[in-house]
Every structure is written in C-alpha cells, then in structure tokens.
file query_31.csv (CSV, C-alpha atoms)
chain,number,residue,atom,x,y,z
B,1,MET,CA,103.7,18.0,41.0
B,2,LYS,CA,100.9,15.7,42.1
B,3,MET,CA,98.6,18.6,42.6
B,4,LYS,CA,99.3,19.9,39.1
B,5,ILE,CA,98.6,16.5,37.6
B,6,ASN,CA,95.4,16.2,39.6
B,7,LYS,CA,94.3,19.7,38.4
B,8,LEU,CA,95.2,18.7,34.8
B,9,TYR,CA,93.2,15.5,35.2
B,10,LYS,CA,90.2,17.4,36.6
B,11,THR,CA,90.4,20.0,33.8
B,12,ALA,CA,90.5,17.2,31.1
B,13,THR,CA,87.6,15.4,32.8
B,14,VAL,CA,85.5,18.6,32.8
B,15,LEU,CA,86.3,19.2,29.1
B,16,LEU,CA,85.5,15.6,28.2
B,17,ILE,CA,82.1,15.7,30.1
B,18,GLY,CA,81.3,19.1,28.4
B,19,THR,CA,82.1,17.7,25.0
B,20,VAL,CA,79.9,14.6,25.6
B,21,MET,CA,77.1,16.9,26.9
B,22,LEU,CA,77.3,19.2,23.9
B,23,GLY,CA,77.3,16.1,21.6
B,24,THR,CA,74.2,14.8,23.4
B,25,ILE,CA,72.4,18.1,23.1
B,26,SER,CA,73.4,18.4,19.4
B,27,CYS,CA,72.1,14.9,18.7
B,28,SER,CA,68.9,15.6,20.6
B,29,MET,CA,68.4,18.8,18.6
B,30,GLU,CA,69.0,16.9,15.4
B,31,ASP,CA,66.6,14.2,16.4
B,32,HIS,CA,64.0,16.8,17.3
B,33,ASN,CA,64.1,18.1,13.7
B,34,LEU,CA,63.3,14.7,12.3
B,35,PRO,CA,59.6,13.7,11.6
B,36,VAL,CA,57.8,11.9,14.4
B,37,GLY,CA,57.7,8.8,12.2
B,38,ALA,CA,61.3,8.8,11.0
B,39,SER,CA,62.0,5.7,13.0
B,40,ILE,CA,59.6,3.7,10.7
B,41,LYS,CA,61.6,1.4,8.4
B,42,PRO,CA,60.5,-0.8,5.4
B,43,LYS,CA,60.1,-4.5,5.8
B,44,GLY,CA,61.6,-5.6,2.6
B,45,PRO,CA,64.4,-4.8,0.2
B,46,LYS,CA,64.4,-1.7,-2.0
B,47,PRO,CA,62.4,-2.1,-5.3
B,48,ALA,CA,63.9,-2.6,-8.7
B,49,PHE,CA,62.4,0.6,-10.0
B,50,ALA,CA,64.3,2.7,-7.4
B,51,PRO,CA,67.3,1.1,-5.7
B,52,GLU,CA,68.3,4.6,-4.6
B,53,ILE,CA,65.1,5.3,-2.7
B,54,HIS,CA,65.5,6.4,0.9
B,55,GLU,CA,64.3,4.1,3.6
B,56,GLU,CA,61.5,6.2,5.0
B,57,MET,CA,60.2,6.9,1.6
B,58,TRP,CA,60.3,3.2,0.7
B,59,ALA,CA,58.4,2.4,3.9
B,60,VAL,CA,55.6,4.6,2.7
B,61,ILE,CA,55.5,3.3,-0.9
B,62,GLU,CA,55.9,-0.3,0.3
B,63,LYS,CA,52.8,0.2,2.5
B,64,LEU,CA,50.9,1.7,-0.4
B,65,LEU,CA,51.8,-1.3,-2.6
B,66,SER,CA,50.8,-3.7,0.2
B,67,TYR,CA,47.1,-2.8,-0.2
B,68,GLY,CA,47.1,-4.7,-3.5
B,69,ASP,CA,45.1,-2.1,-5.4
B,70,PRO,CA,45.0,-2.6,-9.2
B,71,PRO,CA,47.1,-0.2,-11.2
B,72,ILE,CA,45.3,3.1,-11.8
B,73,TYR,CA,45.7,2.8,-15.6
B,74,THR,CA,43.7,-0.4,-15.7
B,75,LEU,CA,40.7,1.1,-14.0
B,76,THR,CA,37.8,3.4,-14.7
B,77,PRO,CA,38.3,6.9,-13.2
B,78,GLN,CA,35.4,6.2,-10.8
B,79,ARG,CA,37.1,3.0,-9.6
B,80,ALA,CA,40.6,4.5,-9.5
B,81,ARG,CA,39.3,7.2,-7.1
B,82,MET,CA,38.7,4.3,-4.6
B,83,ASN,CA,42.3,3.2,-4.6
B,84,HIS,CA,44.4,3.8,-1.5
B,85,THR,CA,46.6,6.9,-1.4
B,86,VAL,CA,50.0,7.9,-0.1
B,87,LYS,CA,48.1,9.7,2.7
B,88,ASP,CA,46.5,6.4,3.7
B,89,ALA,CA,49.8,4.7,3.8
B,90,VAL,CA,51.3,7.4,6.0
B,91,MET,CA,48.4,7.4,8.4
B,92,ASP,CA,48.3,3.5,8.6
B,93,LEU,CA,52.0,3.3,9.2
B,94,LEU,CA,51.8,5.8,12.1
B,95,ALA,CA,48.9,4.0,13.6
B,96,GLU,CA,50.6,0.6,13.4
B,97,ASN,CA,53.7,2.0,15.1
B,98,ASN,CA,51.6,3.8,17.8
B,99,ILE,CA,52.8,7.2,16.7
B,100,THR,CA,50.5,10.1,17.0
B,101,PRO,CA,51.6,13.1,14.9
B,102,PRO,CA,51.0,16.6,16.3
B,103,LYS,CA,47.9,18.2,15.0
B,104,PRO,CA,48.5,21.2,12.8
B,105,GLN,CA,47.8,24.5,14.6
B,106,VAL,CA,45.1,25.6,12.1
B,107,ASP,CA,41.3,25.9,12.1
B,108,THR,CA,39.4,24.8,9.0
B,109,THR,CA,36.1,26.0,7.5
B,110,GLY,CA,34.5,25.5,4.1
B,111,ALA,CA,33.2,27.7,1.3
B,112,ASP,CA,31.4,27.2,-1.9
B,113,ILE,CA,32.8,29.1,-4.9
B,114,PRO,CA,30.7,29.9,-7.9
B,115,VAL,CA,32.1,28.8,-11.3
B,116,ILE,CA,30.8,28.5,-14.8
B,117,GLY,CA,28.1,25.9,-14.7
B,118,GLY,CA,27.9,25.3,-11.0
B,119,SER,CA,30.0,25.7,-7.9
B,120,ILE,CA,33.1,24.0,-6.3
B,121,HIS,CA,34.1,23.6,-2.7
B,122,ALA,CA,37.1,24.9,-1.0
B,123,ARG,CA,38.6,24.2,2.4
B,124,ILE,CA,40.0,27.2,4.2
B,125,TYR,CA,42.9,26.8,6.7
B,126,THR,CA,43.5,29.6,9.2
B,127,PRO,CA,46.4,29.7,11.7
B,128,LYS,CA,45.3,29.4,15.3
B,129,SER,CA,47.9,32.0,16.3
B,130,GLY,CA,47.8,35.6,15.1
B,131,MET,CA,45.0,37.9,14.5
B,132,GLY,CA,45.5,38.8,10.8
B,133,PRO,CA,45.2,40.1,8.3
B,134,PHE,CA,47.1,37.0,7.1
B,135,PRO,CA,48.9,36.3,3.8
B,136,VAL,CA,46.7,34.1,1.6
B,137,ILE,CA,47.9,31.1,-0.4
B,138,VAL,CA,45.5,29.5,-3.0
B,139,TYR,CA,46.4,25.8,-3.2
B,140,TYR,CA,45.6,23.3,-5.9
B,141,HIS,CA,45.8,19.5,-5.2
B,142,GLY,CA,47.3,16.9,-7.5
B,143,GLY,CA,45.8,13.8,-9.1
B,144,GLY,CA,46.2,14.3,-12.8
B,145,TRP,CA,43.0,16.4,-13.0
B,146,VAL,CA,41.2,13.0,-12.7
B,147,ILE,CA,41.5,11.6,-9.2
B,148,ALA,CA,42.2,12.7,-5.6
B,149,ASN,CA,40.6,15.7,-3.7
B,150,ILE,CA,41.2,18.2,-0.9
B,151,ASP,CA,41.1,15.5,1.7
B,152,VAL,CA,43.9,13.5,0.1
B,153,TYR,CA,46.1,16.6,0.1
B,154,ASP,CA,45.1,17.9,3.5
B,155,PRO,CA,48.6,17.4,5.0
B,156,SER,CA,50.2,19.7,2.5
B,157,ALA,CA,47.7,22.5,2.8
B,158,ALA,CA,47.6,22.3,6.6
B,159,ALA,CA,51.4,22.4,6.7
B,160,LEU,CA,51.7,25.4,4.5
B,161,SER,CA,49.1,27.3,6.6
B,162,GLU,CA,50.9,26.5,9.9
B,163,LYS,CA,54.5,27.0,8.7
B,164,VAL,CA,53.9,30.2,6.7
B,165,GLY,CA,51.3,31.6,9.1
B,166,ALA,CA,49.0,32.1,6.1
B,167,VAL,CA,45.4,31.4,5.3
B,168,VAL,CA,45.4,28.5,2.7
B,169,VAL,CA,42.4,28.1,0.4
B,170,SER,CA,42.5,24.5,-0.9
B,171,VAL,CA,40.4,24.3,-4.1
B,172,GLY,CA,38.3,21.3,-5.0
B,173,TYR,CA,38.2,21.9,-8.7
B,174,ARG,CA,36.1,19.7,-11.0
B,175,LYS,CA,37.9,16.8,-12.7
B,176,GLY,CA,37.8,14.7,-15.9
B,177,PRO,CA,36.3,12.7,-17.5
B,178,GLU,CA,33.1,14.2,-16.2
B,179,HIS,CA,34.5,17.7,-16.7
B,180,LYS,CA,37.0,17.8,-19.6
B,181,PHE,CA,39.8,20.3,-20.3
B,182,PRO,CA,39.9,23.2,-19.6
B,183,THR,CA,37.3,22.9,-16.8
B,184,ALA,CA,39.9,22.4,-14.0
B,185,HIS,CA,42.0,25.2,-15.4
B,186,ASN,CA,39.0,27.5,-15.5
B,187,ASP,CA,37.9,26.5,-12.0
B,188,ALA,CA,41.4,27.3,-10.7
B,189,VAL,CA,41.2,30.8,-12.1
B,190,SER,CA,37.7,31.3,-10.8
B,191,ALA,CA,38.8,30.3,-7.3
B,192,TYR,CA,41.7,32.8,-7.4
B,193,GLU,CA,39.3,35.6,-8.6
B,194,TRP,CA,36.9,34.6,-5.7
B,195,VAL,CA,39.8,34.9,-3.2
B,196,LEU,CA,40.7,38.3,-4.5
B,197,THR,CA,37.2,39.6,-3.9
B,198,ASN,CA,36.7,37.9,-0.5
B,199,MET,CA,39.9,38.9,1.4
B,200,SER,CA,38.0,40.5,4.3
B,201,LEU,CA,36.0,37.2,4.7
B,202,LEU,CA,39.3,35.3,4.8
B,203,LYS,CA,41.0,37.7,7.2
B,204,GLY,CA,43.5,38.1,4.4
B,205,ASP,CA,46.0,40.7,3.4
B,206,SER,CA,45.3,41.7,-0.3
B,207,ALA,CA,48.9,42.8,-0.7
B,208,ARG,CA,50.2,39.3,0.2
B,209,ILE,CA,48.8,36.5,-1.9
B,210,GLY,CA,50.4,33.4,-3.4
B,211,VAL,CA,49.6,30.3,-5.3
B,212,ALA,CA,50.7,26.7,-4.8
B,213,GLY,CA,50.1,23.3,-6.1
B,214,GLU,CA,51.3,19.7,-6.5
B,215,SER,CA,51.7,17.8,-9.8
B,216,ALA,CA,48.6,18.7,-11.8
B,217,GLY,CA,47.9,21.3,-9.2
B,218,GLY,CA,51.3,22.8,-9.7
B,219,ASN,CA,50.3,23.2,-13.3
B,220,LEU,CA,47.1,24.9,-12.3
B,221,ALA,CA,48.9,27.3,-9.9
B,222,ALA,CA,51.2,28.4,-12.7
B,223,ASN,CA,48.3,28.9,-15.1
B,224,VAL,CA,46.6,31.1,-12.5
B,225,SER,CA,49.7,33.3,-12.3
B,226,ILE,CA,49.7,33.6,-16.1
B,227,LYS,CA,46.0,34.5,-16.2
B,228,ALA,CA,46.4,37.1,-13.4
B,229,ARG,CA,49.2,38.7,-15.4
B,230,ASP,CA,47.2,38.7,-18.6
B,231,ASN,CA,44.0,40.0,-17.0
B,232,GLY,CA,45.7,42.7,-15.0
B,233,TRP,CA,44.6,41.3,-11.7
B,234,ALA,CA,46.5,41.4,-8.4
B,235,MET,CA,49.5,39.2,-9.0
B,236,PRO,CA,50.7,36.4,-6.7
B,237,LYS,CA,53.8,37.5,-4.8
B,238,HIS,CA,55.1,33.9,-5.1
B,239,GLN,CA,54.2,30.6,-6.6
B,240,LEU,CA,55.1,27.1,-5.3
B,241,LEU,CA,55.2,24.4,-7.9
B,242,VAL,CA,55.7,20.9,-6.5
B,243,TYR,CA,56.7,18.4,-9.2
B,244,PRO,CA,54.5,20.2,-11.7
B,245,VAL,CA,53.1,18.9,-14.9
B,246,ALA,CA,54.8,21.1,-17.4
B,247,ASN,CA,55.5,19.2,-20.7
B,248,SER,CA,54.0,16.8,-23.2
B,249,ASP,CA,57.2,15.1,-24.2
B,250,THR,CA,57.3,11.5,-22.9
B,251,THR,CA,60.7,10.7,-24.4
B,252,VAL,CA,62.7,12.8,-21.9
B,253,ALA,CA,65.3,11.2,-19.6
B,254,SER,CA,63.2,10.8,-16.4
B,255,TYR,CA,60.3,9.2,-18.4
B,256,LYS,CA,62.7,6.5,-19.5
B,257,GLN,CA,64.6,6.1,-16.2
B,258,TYR,CA,61.5,6.1,-14.0
B,259,HIS,CA,59.0,4.6,-16.4
B,260,ASP,CA,57.8,2.1,-13.8
B,261,ALA,CA,58.2,4.3,-10.7
B,262,LYS,CA,55.5,4.3,-8.0
B,263,PRO,CA,53.2,5.9,-7.1
B,264,LEU,CA,53.4,7.6,-10.5
B,265,ASP,CA,54.4,5.7,-13.6
B,266,VAL,CA,54.3,6.6,-17.3
B,267,PRO,CA,51.2,4.5,-18.1
B,268,THR,CA,49.3,6.4,-15.4
B,269,ILE,CA,50.4,9.8,-16.7
B,270,LYS,CA,49.1,8.8,-20.2
B,271,TRP,CA,45.8,7.6,-18.6
B,272,PHE,CA,45.4,10.9,-16.8
B,273,LEU,CA,45.7,12.8,-20.1
B,274,GLN,CA,43.3,10.5,-21.9
B,275,HIS,CA,40.6,11.1,-19.3
B,276,TYR,CA,41.1,14.9,-18.9
B,277,LEU,CA,41.9,16.0,-22.4
B,278,ASN,CA,39.3,16.1,-25.2
B,279,ASP,CA,42.0,14.9,-27.6
B,280,LEU,CA,45.6,14.0,-26.9
B,281,SER,CA,46.7,16.7,-29.2
B,282,GLU,CA,45.7,19.1,-26.5
B,283,ALA,CA,48.7,18.0,-24.5
B,284,LYS,CA,50.7,20.6,-26.5
B,285,ASP,CA,48.4,23.4,-25.4
B,286,PRO,CA,50.6,25.8,-23.4
B,287,ARG,CA,48.2,25.4,-20.5
B,288,ILE,CA,49.3,21.8,-20.2
B,289,SER,CA,52.8,22.1,-21.5
B,290,LEU,CA,53.9,25.1,-19.5
B,291,VAL,CA,57.3,25.1,-21.1
B,292,LEU,CA,55.6,26.4,-24.3
B,293,ALA,CA,53.8,29.2,-22.5
B,294,ASP,CA,54.8,32.9,-22.2
B,295,LEU,CA,56.4,32.9,-18.8
B,296,LYS,CA,57.6,36.5,-18.7
B,297,ASN,CA,56.7,38.7,-15.7
B,298,LEU,CA,55.6,35.9,-13.5
B,299,PRO,CA,56.1,35.9,-9.7
B,300,SER,CA,59.1,34.5,-8.0
B,301,THR,CA,58.9,30.7,-8.1
B,302,THR,CA,59.9,27.8,-6.0
B,303,ILE,CA,60.0,24.4,-7.8
B,304,ILE,CA,60.3,21.3,-5.7
B,305,GLY,CA,61.3,18.1,-7.6
B,306,ALA,CA,61.4,14.4,-6.6
B,307,GLN,CA,64.2,12.2,-7.9
B,308,ILE,CA,62.2,9.1,-8.5
B,309,ASP,CA,59.6,10.7,-10.7
B,310,PRO,CA,58.8,10.7,-14.4
B,311,LEU,CA,58.1,14.4,-14.1
B,312,GLN,CA,61.6,15.2,-12.9
B,313,SER,CA,62.9,16.3,-16.3
B,314,GLU,CA,60.0,18.7,-17.1
B,315,GLY,CA,60.4,20.4,-13.7
B,316,MET,CA,64.0,21.1,-14.5
B,317,LEU,CA,63.0,22.3,-18.0
B,318,LEU,CA,60.4,24.6,-16.5
B,319,ARG,CA,63.1,26.0,-14.2
B,320,ASP,CA,65.3,26.7,-17.2
B,321,LYS,CA,62.4,28.3,-19.2
B,322,LEU,CA,61.5,30.5,-16.3
B,323,ASN,CA,65.1,31.6,-15.9
B,324,GLU,CA,65.2,32.5,-19.6
B,325,ALA,CA,62.1,34.5,-19.1
B,326,GLY,CA,63.7,36.5,-16.4
B,327,VAL,CA,61.7,35.0,-13.5
B,328,GLU,CA,63.4,34.5,-10.1
B,329,VAL,CA,63.5,30.7,-9.5
B,330,SER,CA,64.6,28.6,-6.6
B,331,TYR,CA,64.8,24.9,-7.6
B,332,GLU,CA,65.4,21.9,-5.2
B,333,LEU,CA,65.6,18.3,-6.2
B,334,TYR,CA,65.1,15.9,-3.2
B,335,GLU,CA,67.2,12.8,-3.6
B,336,GLY,CA,65.7,9.4,-2.7
B,337,THR,CA,62.1,10.6,-2.9
B,338,THR,CA,59.2,9.8,-5.2
B,339,HIS,CA,56.2,11.7,-6.6
B,340,GLU,CA,53.8,12.6,-3.8
B,341,PHE,CA,56.5,12.9,-1.2
B,342,PHE,CA,55.7,16.5,-0.2
B,343,GLY,CA,52.7,15.5,2.0
B,344,THR,CA,54.6,12.7,3.9
B,345,ALA,CA,56.4,14.9,6.4
B,346,ALA,CA,55.2,12.9,9.3
B,347,ILE,CA,57.6,10.1,8.2
B,348,VAL,CA,59.9,11.3,5.4
B,349,PRO,CA,62.7,13.7,6.5
B,350,GLU,CA,63.0,15.2,2.9
B,351,ALA,CA,59.3,16.0,2.9
B,352,LYS,CA,59.7,18.0,6.1
B,353,GLN,CA,62.8,19.8,4.6
B,354,ALA,CA,60.8,20.6,1.4
B,355,GLN,CA,57.9,22.0,3.4
B,356,ASP,CA,60.2,24.1,5.5
B,357,LYS,CA,61.9,25.4,2.3
B,358,ALA,CA,58.6,26.2,0.7
B,359,ALA,CA,57.4,28.0,3.8
B,360,GLU,CA,60.6,30.0,4.1
B,361,ASP,CA,60.4,31.1,0.4
B,362,PHE,CA,56.8,32.2,0.9
B,363,LYS,CA,57.6,34.2,4.1
B,364,ASN,CA,60.5,35.9,2.3
B,365,ALA,CA,58.2,36.8,-0.6
B,366,PHE,CA,55.5,38.1,1.7
B,367,LYS,CA,57.9,40.5,3.6
call {"tool": "encode", "arguments": {"input": "query_31.csv", "output": "structure tokens"}}
result
Amino acid sequence: MKMKINKLYKTATVLLIGTVMLGTISCSMEDHNLPVGASIKPKGPKPAFAPEIHEEMWAVIEKLLSYGDPPIYTLTPQRARMNHTVKDAVMDLLAENNITPPKPQVDTTGADIPVIGGSIHARIYTPKSGMGPFPVIVYYHGGGWVIANIDVYDPSAAALSEKVGAVVVSVGYRKGPEHKFPTAHNDAVSAYEWVLTNMSLLKGDSARIGVAGESAGGNLAANVSIKARDNGWAMPKHQLLVYPVANSDTTVASYKQYHDAKPLDVPTIKWFLQHYLNDLSEAKDPRISLVLADLKNLPSTTIIGAQIDPLQSEGMLLRDKLNEAGVEVSYELYEGTTHEFFGTAAIVPEAKQAQDKAAEDFKNAFK
C-alpha cells in the first residue's frame, strides 16, 4: 500500500512539474512575441480624449506630447515639419529605457525618379536574405500631403520589407503648399510606373507587385491602383491601406468622438486640406474622397484601422464601398490605438500584430 501511494505521489509530482514547465515555456513564447519595448509604461493617467487607450500606446503619445511642440494647425507648414514625430517618441523611449531594438534585416539604397516638373527621391529596401526576384511593394508615407517624409515612416517600410520578404520602394512625393493637389497624386502614379519599368534594377518579380500606404499615403496607394486599372497597366496584386484618408465628411461619428485625439485631431485634418488643396471644394474630388470613386476591379485589399482616430469611420465606409464593388477586403480595427500606431511595433503590441497581419496578407496575395 505504501509503495502504491509513493508511486502515485511521484506520478502526481512529475505531472505537476510538467505542467509548470509547459506553462513557463508557454509564457516565454508569449513574451517572445511581444515588442522589445512592451515593458515601457506611461508616467501619468490616461488622457481625457482617450480613456480607453492602451498603456503602451499612451506611453508613446504621452512622450510625444511631452516635447511641448505647438499644435500643427497653429503653425506654418515649414515650421510644422520641425515638430517631433511619433517615431521620435518611440526612439527616445527605447533609449531612455536602455532598450536596443533589433535592426531590420534589410539593405537600403536610393533612387531618383523623374516626374513632371522635376524628380523625387525614393528609398529602396531589399531583404538581406534571399536572392530574388523579390515581390515589390510601392509604399507611400503619411503626413496629410503636407508634412513628414520617408525618414519618419522608415519603421513601417523596413518592417514590410523584412516581414514580407519583398523589395519596398518608399516614395518621397512632393507636398503642399509648395506643390498643390494633384501633385502628390501624380507623383505617386509616376513612381509606380517607374517601378514597373525598372523591375530588373530592383531585383523584382513583375508578376508580384503591391502598393501600400498610411493615412494620406493610403489614399495615394488606392489612387495608384485605380490609375493602373484605368490605364491598363500591370495591376497590384494587393493593396494595404492603413487608416487611409477616404472621405470629406467631417460630421461622421469618429470625427465627433475623437475630435481632440492625438496625434491627429480634426483641426489638423482641416489644416492639411487647406495647405494641399487649391480650394476646399476639391475635398469632394474622388481622388481625395475615395468612397466616391469607381472602386470596381481593384486588387484584394487590407484596411487597418485605429480606434482613437478621426479617420476610423471613413476607413469602415471605404471597406463597405469596396465590398459593394465586389473587391475582396480584409478589415481590422485595433482597439486602444491611435493614428500613426502602425510604425510603433518596437513598443506597441497591436502595431506588431498589424504589421504581421499586413505581411501575411501580402504573402498570400503573392503566392
């Protein structure tokens, strides 16, 4: 009897140890999937404009606000371009916490692309692994067609290149007010056309091309797909639209709920339009209000939305309009995040998840 009890005790002990070990391994794997800076926490309480914001996201926005920059809508475009960015906040938080993020496994080069009236610069990201030919993604940064550049959005472009295993061409299109509408839109199309004719230079596979963009850049990416369809060019296999500008209606629900959100609020959106458009009536042009455009026969589409963002409603409306047009759409809204979250994957878990989803959707489309 004693021997049986001892055996049962030993068996139970082994099972218990095994369960603990499996739990430890599971936690370790889960922790491994978190961003390197996920341990960074905010210093103060959550803001009135977004009590539902997640902690890691608030840590980034809190840091951005700590710089004390004047609101963009109170500045000239030239001065606004000197304000700190979400990328600055992420990099400074990592440095302050002695966290070194892993370097993306990509090489970068530059190219000048001829456009009407001059040239624009592009940064080309090529995966370190693999010999090619690679799929190619033409990427357009955000900034309301007025501020920001390819440096500010480097984390997003580099992540897409590494995670998809694709060459990413990040386009430095011209901006307003120096270059009014439709200059940025025309530059975006010229860059896509340049990529199509320079696939061998890029080590690219002409049968696997996509477009991507964030905010104003998401709008540009969709416009490129429309232009490619209308001109009979090689169509993108897939388009990634991250919280895209897609409508001119400022009375929708998210404009009201997140009127004062940061880093993008409604006064700043109106400021962007004032400086890029020749006249505010152009906001109803289907190149700006994508929901008014002919969306038939466009490539499969991934739309990524942020909860705490005035543009949330128009991203959902664009999803619905694309569905009505018979386009395959995958939409994901990331709770607790703000506009500009996509490039914060070194700290914000939802940004890492969004990048992984975007990469997986591209890889599936490129099969």
call {"tool": "residues_around", "arguments": {"input": "query_31.csv", "residues": "Ser190 in chain B", "least_positions_apart": "5", "cutoff": "8 Å", "atoms": "only C-alpha atoms", "output": "list of chain:residue names"}}
result
B:Ile113, B:Pro114, B:Val115
call {"tool": "atom_distance", "arguments": {"input": "query_31.csv", "atom1": "CA of Ser248 in chain B", "atom2": "CA of Asp320 in chain B"}}
result
16.2 Å
call {"tool": "residues_around", "arguments": {"input": "query_31.csv", "residues": "range 261-269 of chain B", "least_positions_apart": "3", "cutoff": "8 Å", "atoms": "all atoms listed in the file", "output": "PyMOL selection string"}}
result
chain B and resi 49-50+61+72-73+86+144+255+258+272-273+308-310+338-340
call {"tool": "closest_residue", "arguments": {"input": "query_31.csv", "among": "B:Pro102, B:Gly68, B:Pro51, B:Pro299", "to": "Gly37 in chain B", "atoms": "all atoms listed in the file"}}
result
B:Pro102
call {"tool": "residues_near_point", "arguments": {"input": "query_31.csv", "point": "(42.1, 22.6, -4.7)", "cutoff": "10 Å", "atoms": "all atoms listed in the file", "output": "JSON, numbers by chain"}}
result
{"B": [120, 121, 122, 123, 138, 139, 140, 141, 142, 148, 149, 150, 151, 153, 154, 157, 169, 170, 171, 172, 173, 174, 184, 187, 188, 191, 212, 213, 214, 217, 220, 221]}
call {"tool": "closest_residue", "arguments": {"input": "query_31.csv", "among": "B:Asp92, B:Ala111, B:Val252, B:Ala59", "to": "Val195 in chain B", "atoms": "all atoms listed in the file"}}
result
B:Ala111
call {"tool": "atom_distance", "arguments": {"input": "query_31.csv", "atom1": "CA of Ile40 in chain B", "atom2": "CA of Ile347 in chain B"}}
result
7.2 Å
call {"tool": "closest_residue", "arguments": {"input": "query_31.csv", "among": "B:Met82, B:Ala346, B:Leu295, B:Val106", "to": "Gly326 in chain B", "atoms": "all atoms listed in the file"}}
result
B:Leu295
call {"tool": "closest_residue", "arguments": {"input": "query_31.csv", "among": "B:Lys63, B:Trp145, B:Gln105, B:His238", "to": "Gln274 in chain B", "atoms": "only C-alpha atoms"}}
result
B:Trp145
call {"tool": "atom_distance", "arguments": {"input": "query_31.csv", "atom1": "CA of Lys175 in chain B", "atom2": "CA of Pro70 in chain B"}}
result
21.0 Å
call {"tool": "closest_residue", "arguments": {"input": "query_31.csv", "among": "B:Pro101, B:Gly204, B:Gly117, B:Gly218", "to": "Gly132 in chain B", "atoms": "all atoms listed in the file"}}
result
B:Gly204
call {"tool": "closest_residue", "arguments": {"input": "query_31.csv", "among": "B:Asp249, B:Asp279, B:Glu335, B:Asp361", "to": "Ser313 in chain B", "atoms": "all atoms listed in the file"}}
result
B:Asp249
call {"tool": "residues_around", "arguments": {"input": "query_31.csv", "residues": "Thr302 in chain B", "least_positions_apart": "3", "cutoff": "12 Å", "atoms": "all atoms listed in the file", "output": "ChimeraX atom specification"}}
result
/B:210-214,218,221-222,237-244,298-299,305,315-316,318-319,322-323,327-333,354-355,357-362,364-365
call {"tool": "residues_near_point", "arguments": {"input": "query_31.csv", "point": "(45.7, 21.5, -25.0)", "cutoff": "12 Å", "atoms": "all atoms listed in the file", "output": "compact mmCIF listing (two decimals) with C-alpha atoms, keeping the file's coordinate frame"}}
result
# COMPACT_ATOMS: atom_id res chain seq x y z
CA LYS B 180 37.00 17.80 -19.60
CA PHE B 181 39.80 20.30 -20.30
CA PRO B 182 39.90 23.20 -19.60
CA THR B 183 37.30 22.90 -16.80
CA HIS B 185 42.00 25.20 -15.40
CA ALA B 246 54.80 21.10 -17.40
CA ASN B 247 55.50 19.20 -20.70
CA SER B 248 54.00 16.80 -23.20
CA LEU B 273 45.70 12.80 -20.10
CA GLN B 274 43.30 10.50 -21.90
CA TYR B 276 41.10 14.90 -18.90
CA LEU B 277 41.90 16.00 -22.40
CA ASN B 278 39.30 16.10 -25.20
CA ASP B 279 42.00 14.90 -27.60
CA LEU B 280 45.60 14.00 -26.90
CA SER B 281 46.70 16.70 -29.20
CA GLU B 282 45.70 19.10 -26.50
CA ALA B 283 48.70 18.00 -24.50
CA LYS B 284 50.70 20.60 -26.50
CA ASP B 285 48.40 23.40 -25.40
CA PRO B 286 50.60 25.80 -23.40
CA ARG B 287 48.20 25.40 -20.50
CA ILE B 288 49.30 21.80 -20.20
CA SER B 289 52.80 22.10 -21.50
CA LEU B 290 53.90 25.10 -19.50
CA LEU B 292 55.60 26.40 -24.30
CA ALA B 293 53.80 29.20 -22.50
call {"tool": "build_atoms", "arguments": {"input": "query_31.csv", "residues": "range 214-225 of chain B", "atoms": "N, CA, C and O atoms", "output": "PDB file, in the coordinates of the input"}}
result
ATOM      1  N   GLU B 214      50.504  20.919  -6.321  1.00  0.00           N
ATOM      2  CA  GLU B 214      51.300  19.700  -6.500  1.00  0.00           C
ATOM      3  C   GLU B 214      50.905  18.991  -7.768  1.00  0.00           C
ATOM      4  O   GLU B 214      49.704  18.785  -8.009  1.00  0.00           O
ATOM      5  N   SER B 215      51.881  18.608  -8.580  1.00  0.00           N
ATOM      6  CA  SER B 215      51.700  17.800  -9.800  1.00  0.00           C
ATOM      7  C   SER B 215      50.702  18.536 -10.725  1.00  0.00           C
ATOM      8  O   SER B 215      51.015  19.634 -11.192  1.00  0.00           O
ATOM      9  N   ALA B 216      49.536  17.967 -11.010  1.00  0.00           N
ATOM     10  CA  ALA B 216      48.600  18.700 -11.800  1.00  0.00           C
ATOM     11  C   ALA B 216      48.171  19.997 -11.199  1.00  0.00           C
ATOM     12  O   ALA B 216      47.895  20.986 -11.888  1.00  0.00           O
ATOM     13  N   GLY B 217      48.162  20.041  -9.868  1.00  0.00           N
ATOM     14  CA  GLY B 217      47.900  21.300  -9.200  1.00  0.00           C
ATOM     15  C   GLY B 217      48.949  22.319  -9.303  1.00  0.00           C
ATOM     16  O   GLY B 217      48.674  23.524  -9.298  1.00  0.00           O
ATOM     17  N   GLY B 218      50.191  21.872  -9.439  1.00  0.00           N
ATOM     18  CA  GLY B 218      51.300  22.800  -9.700  1.00  0.00           C
ATOM     19  C   GLY B 218      51.100  23.460 -11.066  1.00  0.00           C
ATOM     20  O   GLY B 218      51.366  24.653 -11.254  1.00  0.00           O
ATOM     21  N   ASN B 219      50.644  22.656 -12.025  1.00  0.00           N
ATOM     22  CA  ASN B 219      50.300  23.200 -13.300  1.00  0.00           C
ATOM     23  C   ASN B 219      49.215  24.235 -13.244  1.00  0.00           C
ATOM     24  O   ASN B 219      49.300  25.314 -13.848  1.00  0.00           O
ATOM     25  N   LEU B 220      48.176  23.955 -12.460  1.00  0.00           N
ATOM     26  CA  LEU B 220      47.100  24.900 -12.300  1.00  0.00           C
ATOM     27  C   LEU B 220      47.553  26.199 -11.648  1.00  0.00           C
ATOM     28  O   LEU B 220      47.154  27.290 -12.063  1.00  0.00           O
ATOM     29  N   ALA B 221      48.404  26.081 -10.637  1.00  0.00           N
ATOM     30  CA  ALA B 221      48.900  27.300  -9.900  1.00  0.00           C
ATOM     31  C   ALA B 221      49.644  28.192 -10.907  1.00  0.00           C
ATOM     32  O   ALA B 221      49.452  29.416 -10.905  1.00  0.00           O
ATOM     33  N   ALA B 222      50.492  27.622 -11.756  1.00  0.00           N
ATOM     34  CA  ALA B 222      51.200  28.400 -12.700  1.00  0.00           C
ATOM     35  C   ALA B 222      50.279  29.072 -13.730  1.00  0.00           C
ATOM     36  O   ALA B 222      50.462  30.232 -14.132  1.00  0.00           O
ATOM     37  N   ASN B 223      49.260  28.334 -14.142  1.00  0.00           N
ATOM     38  CA  ASN B 223      48.300  28.900 -15.100  1.00  0.00           C
ATOM     39  C   ASN B 223      47.528  30.071 -14.453  1.00  0.00           C
ATOM     40  O   ASN B 223      47.198  31.038 -15.148  1.00  0.00           O
ATOM     41  N   VAL B 224      47.270  29.996 -13.155  1.00  0.00           N
ATOM     42  CA  VAL B 224      46.600  31.100 -12.500  1.00  0.00           C
ATOM     43  C   VAL B 224      47.475  32.349 -12.493  1.00  0.00           C
ATOM     44  O   VAL B 224      46.992  33.468 -12.734  1.00  0.00           O
ATOM     45  N   SER B 225      48.767  32.179 -12.256  1.00  0.00           N
ATOM     46  CA  SER B 225      49.700  33.300 -12.300  1.00  0.00           C
ATOM     47  C   SER B 225      49.691  33.949 -13.696  1.00  0.00           C
ATOM     48  O   SER B 225      49.687  35.184 -13.844  1.00  0.00           O
TER      49      SER B 225
END
